[in-house]
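**Q** Starting off with a structure, shown below.
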Amino acid sequence: FISSSNSATADITPRVLKLEASKEYDGTTDLTGFVKFVNLAGDETLNYSGATANSKDSGSNNFISSITLADGKNGGLVSNYELPSLLAY
């Protein structure tokens, strides 16, 4: 016996995105075109703008310091995802 009720709730929380960026040194902090979303659900996509690195210099201590997300394709809604902390640890 399956019963439907208006009092049943489901808590669906946003997925924390995993981001990667890799580029050859070009003297800028701009990461446009170099950011990958590693763990999107299914075939969803997201768009982004304003991606920058914390430094223009090469090295192992670099990280994505800013990025703005936008809805993508195949059901990719920004509201279903959340950015991780963009601070270095």
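Residue numbers start at 1 in each chain; chains themselves are named A, B, ... in the order of the structure tokens; ligands are numbered from 1 in the order shown.
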How would you write, as a PDB file with N, CA, C and O atoms, in the first residue's frame, the set of residues in chain A that DSSP gives as strand (DSSP E)?
**A**
```pdb
ATOM      1  N   ARG A  15      24.259  20.671  -4.885  1.00  0.00           N
ATOM      2  CA  ARG A  15      25.521  19.930  -5.006  1.00  0.00           C
ATOM      3  C   ARG A  15      26.658  20.945  -5.001  1.00  0.00           C
ATOM      4  O   ARG A  15      26.618  21.949  -5.709  1.00  0.00           O
ATOM      5  N   VAL A  16      27.697  20.673  -4.206  1.00  0.00           N
ATOM      6  CA  VAL A  16      28.873  21.541  -4.188  1.00  0.00           C
ATOM      7  C   VAL A  16      29.703  21.222  -5.432  1.00  0.00           C
ATOM      8  O   VAL A  16      30.079  20.069  -5.667  1.00  0.00           O
ATOM      9  N   LEU A  19      35.636  22.451  -9.194  1.00  0.00           N
ATOM     10  CA  LEU A  19      36.142  23.245 -10.311  1.00  0.00           C
ATOM     11  C   LEU A  19      37.608  22.933 -10.564  1.00  0.00           C
ATOM     12  O   LEU A  19      38.369  22.696  -9.626  1.00  0.00           O
ATOM     13  N   GLU A  20      37.978  22.975 -11.841  1.00  0.00           N
ATOM     14  CA  GLU A  20      39.378  22.848 -12.220  1.00  0.00           C
ATOM     15  C   GLU A  20      39.688  23.907 -13.271  1.00  0.00           C
ATOM     16  O   GLU A  20      38.828  24.245 -14.080  1.00  0.00           O
ATOM     17  N   ALA A  21      40.899  24.404 -13.249  1.00  0.00           N
ATOM     18  CA  ALA A  21      41.345  25.334 -14.289  1.00  0.00           C
ATOM     19  C   ALA A  21      42.826  25.099 -14.548  1.00  0.00           C
ATOM     20  O   ALA A  21      43.594  24.867 -13.615  1.00  0.00           O
ATOM     21  N   VAL A  35      38.053  26.985 -17.293  1.00  0.00           N
ATOM     22  CA  VAL A  35      37.443  26.355 -16.115  1.00  0.00           C
ATOM     23  C   VAL A  35      36.590  25.168 -16.545  1.00  0.00           C
ATOM     24  O   VAL A  35      35.821  25.252 -17.498  1.00  0.00           O
ATOM     25  N   LYS A  36      36.738  24.061 -15.832  1.00  0.00           N
ATOM     26  CA  LYS A  36      35.919  22.865 -16.049  1.00  0.00           C
ATOM     27  C   LYS A  36      35.134  22.574 -14.773  1.00  0.00           C
ATOM     28  O   LYS A  36      35.666  22.692 -13.673  1.00  0.00           O
ATOM     29  N   PHE A  37      33.872  22.186 -14.943  1.00  0.00           N
ATOM     30  CA  PHE A  37      33.059  21.703 -13.831  1.00  0.00           C
ATOM     31  C   PHE A  37      33.161  20.181 -13.843  1.00  0.00           C
ATOM     32  O   PHE A  37      32.801  19.541 -14.830  1.00  0.00           O
ATOM     33  N   LEU A  46      26.667  24.117 -17.057  1.00  0.00           N
ATOM     34  CA  LEU A  46      26.542  25.461 -16.497  1.00  0.00           C
ATOM     35  C   LEU A  46      27.434  26.378 -17.310  1.00  0.00           C
ATOM     36  O   LEU A  46      28.426  25.946 -17.897  1.00  0.00           O
ATOM     37  N   ASN A  47      27.098  27.638 -17.347  1.00  0.00           N
ATOM     38  CA  ASN A  47      27.924  28.660 -17.968  1.00  0.00           C
ATOM     39  C   ASN A  47      28.584  29.476 -16.872  1.00  0.00           C
ATOM     40  O   ASN A  47      28.129  29.482 -15.728  1.00  0.00           O
ATOM     41  N   TYR A  48      29.641  30.166 -17.230  1.00  0.00           N
ATOM     42  CA  TYR A  48      30.308  31.033 -16.248  1.00  0.00           C
ATOM     43  C   TYR A  48      30.914  32.241 -16.935  1.00  0.00           C
ATOM     44  O   TYR A  48      31.130  32.262 -18.139  1.00  0.00           O
ATOM     45  N   SER A  49      31.194  33.245 -16.124  1.00  0.00           N
ATOM     46  CA  SER A  49      31.902  34.434 -16.590  1.00  0.00           C
ATOM     47  C   SER A  49      32.737  34.956 -15.436  1.00  0.00           C
ATOM     48  O   SER A  49      32.565  34.537 -14.292  1.00  0.00           O
ATOM     49  N   GLY A  50      33.639  35.862 -15.725  1.00  0.00           N
ATOM     50  CA  GLY A  50      34.410  36.526 -14.680  1.00  0.00           C
ATOM     51  C   GLY A  50      35.355  35.631 -13.905  1.00  0.00           C
ATOM     52  O   GLY A  50      35.722  35.958 -12.778  1.00  0.00           O
ATOM     53  N   ALA A  51      35.786  34.517 -14.484  1.00  0.00           N
ATOM     54  CA  ALA A  51      36.691  33.615 -13.764  1.00  0.00           C
ATOM     55  C   ALA A  51      38.103  34.191 -13.754  1.00  0.00           C
ATOM     56  O   ALA A  51      38.655  34.532 -14.797  1.00  0.00           O
ATOM     57  N   THR A  52      38.660  34.303 -12.564  1.00  0.00           N
ATOM     58  CA  THR A  52      40.028  34.792 -12.424  1.00  0.00           C
ATOM     59  C   THR A  52      40.805  33.940 -11.432  1.00  0.00           C
ATOM     60  O   THR A  52      40.229  33.318 -10.537  1.00  0.00           O
ATOM     61  N   ALA A  53      42.117  33.940 -11.596  1.00  0.00           N
ATOM     62  CA  ALA A  53      43.022  33.274 -10.662  1.00  0.00           C
ATOM     63  C   ALA A  53      43.502  34.297  -9.643  1.00  0.00           C
ATOM     64  O   ALA A  53      43.428  35.509  -9.874  1.00  0.00           O
ATOM     65  N   ILE A  64      41.312  29.432  -8.168  1.00  0.00           N
ATOM     66  CA  ILE A  64      40.261  30.265  -8.757  1.00  0.00           C
ATOM     67  C   ILE A  64      39.783  31.204  -7.663  1.00  0.00           C
ATOM     68  O   ILE A  64      39.300  30.761  -6.628  1.00  0.00           O
ATOM     69  N   SER A  65      39.942  32.504  -7.881  1.00  0.00           N
ATOM     70  CA  SER A  65      39.586  33.456  -6.828  1.00  0.00           C
ATOM     71  C   SER A  65      38.220  34.092  -7.032  1.00  0.00           C
ATOM     72  O   SER A  65      37.636  34.604  -6.077  1.00  0.00           O
ATOM     73  N   SER A  66      37.700  34.050  -8.265  1.00  0.00           N
ATOM     74  CA  SER A  66      36.342  34.552  -8.488  1.00  0.00           C
ATOM     75  C   SER A  66      35.762  33.904  -9.738  1.00  0.00           C
ATOM     76  O   SER A  66      36.498  33.558 -10.669  1.00  0.00           O
ATOM     77  N   ILE A  67      34.436  33.742  -9.717  1.00  0.00           N
ATOM     78  CA  ILE A  67      33.713  33.180 -10.855  1.00  0.00           C
ATOM     79  C   ILE A  67      32.232  33.481 -10.656  1.00  0.00           C
ATOM     80  O   ILE A  67      31.748  33.495  -9.518  1.00  0.00           O
ATOM     81  N   THR A  68      31.525  33.741 -11.731  1.00  0.00           N
ATOM     82  CA  THR A  68      30.081  33.953 -11.686  1.00  0.00           C
ATOM     83  C   THR A  68      29.427  32.859 -12.516  1.00  0.00           C
ATOM     84  O   THR A  68      29.792  32.660 -13.679  1.00  0.00           O
ATOM     85  N   LEU A  69      28.483  32.151 -11.912  1.00  0.00           N
ATOM     86  CA  LEU A  69      27.789  31.051 -12.589  1.00  0.00           C
ATOM     87  C   LEU A  69      26.505  31.536 -13.245  1.00  0.00           C
ATOM     88  O   LEU A  69      25.874  32.475 -12.781  1.00  0.00           O
ATOM     89  N   ALA A  70      26.116  30.844 -14.310  1.00  0.00           N
ATOM     90  CA  ALA A  70      24.849  31.109 -14.996  1.00  0.00           C
ATOM     91  C   ALA A  70      24.240  29.780 -15.415  1.00  0.00           C
ATOM     92  O   ALA A  70      24.950  28.788 -15.606  1.00  0.00           O
ATOM     93  N   ASP A  71      22.909  29.765 -15.554  1.00  0.00           N
ATOM     94  CA  ASP A  71      22.218  28.562 -15.993  1.00  0.00           C
ATOM     95  C   ASP A  71      22.810  28.073 -17.304  1.00  0.00           C
ATOM     96  O   ASP A  71      23.233  28.859 -18.152  1.00  0.00           O
ATOM     97  N   TYR A  81      23.242  24.060  -7.623  1.00  0.00           N
ATOM     98  CA  TYR A  81      24.664  23.911  -7.323  1.00  0.00           C
ATOM     99  C   TYR A  81      25.127  25.035  -6.407  1.00  0.00           C
ATOM    100  O   TYR A  81      24.529  26.097  -6.356  1.00  0.00           O
ATOM    101  N   GLU A  82      26.214  24.771  -5.703  1.00  0.00           N
ATOM    102  CA  GLU A  82      26.825  25.845  -4.911  1.00  0.00           C
ATOM    103  C   GLU A  82      28.329  25.790  -5.104  1.00  0.00           C
ATOM    104  O   GLU A  82      28.906  24.711  -5.316  1.00  0.00           O
TER     105      GLU A  82
END
```
**Q** For A:Asn62, please output as a VMD selection string all residues within 12 Å (counting only C-alpha atoms; exclusion window: fewer than 2 positions along the same chain).
**A** chain A and resid 20 to 23 25 29 31 52 to 60 64 to 65 86 to 89
**Q** Looking at A:Ser7, A:Thr28, A:Phe63, A:Thr13, which one is nearest to A:Asn80, with distances taken over only C-alpha atoms?
**A**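 Ranked by minimum distance to A:Asn80, first place goes to A:Thr13.
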**Q** Choose the residue, out of A:Ala10, A:Leu77, A:Leu83, A:Leu17, that has the smallest atom-to-atom separation from A:Leu40; count only C-alpha atoms.
**A**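 Of A:Ala10, A:Leu77, A:Leu83, A:Leu17, the one nearest A:Leu40, counting only C-alpha atoms, is A:Leu17.
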**Q** Provide the atom CA of A:Pro14 to atom CA of A:Asn39 distance in Å, to one decimal place.
**A** 12.2 Å
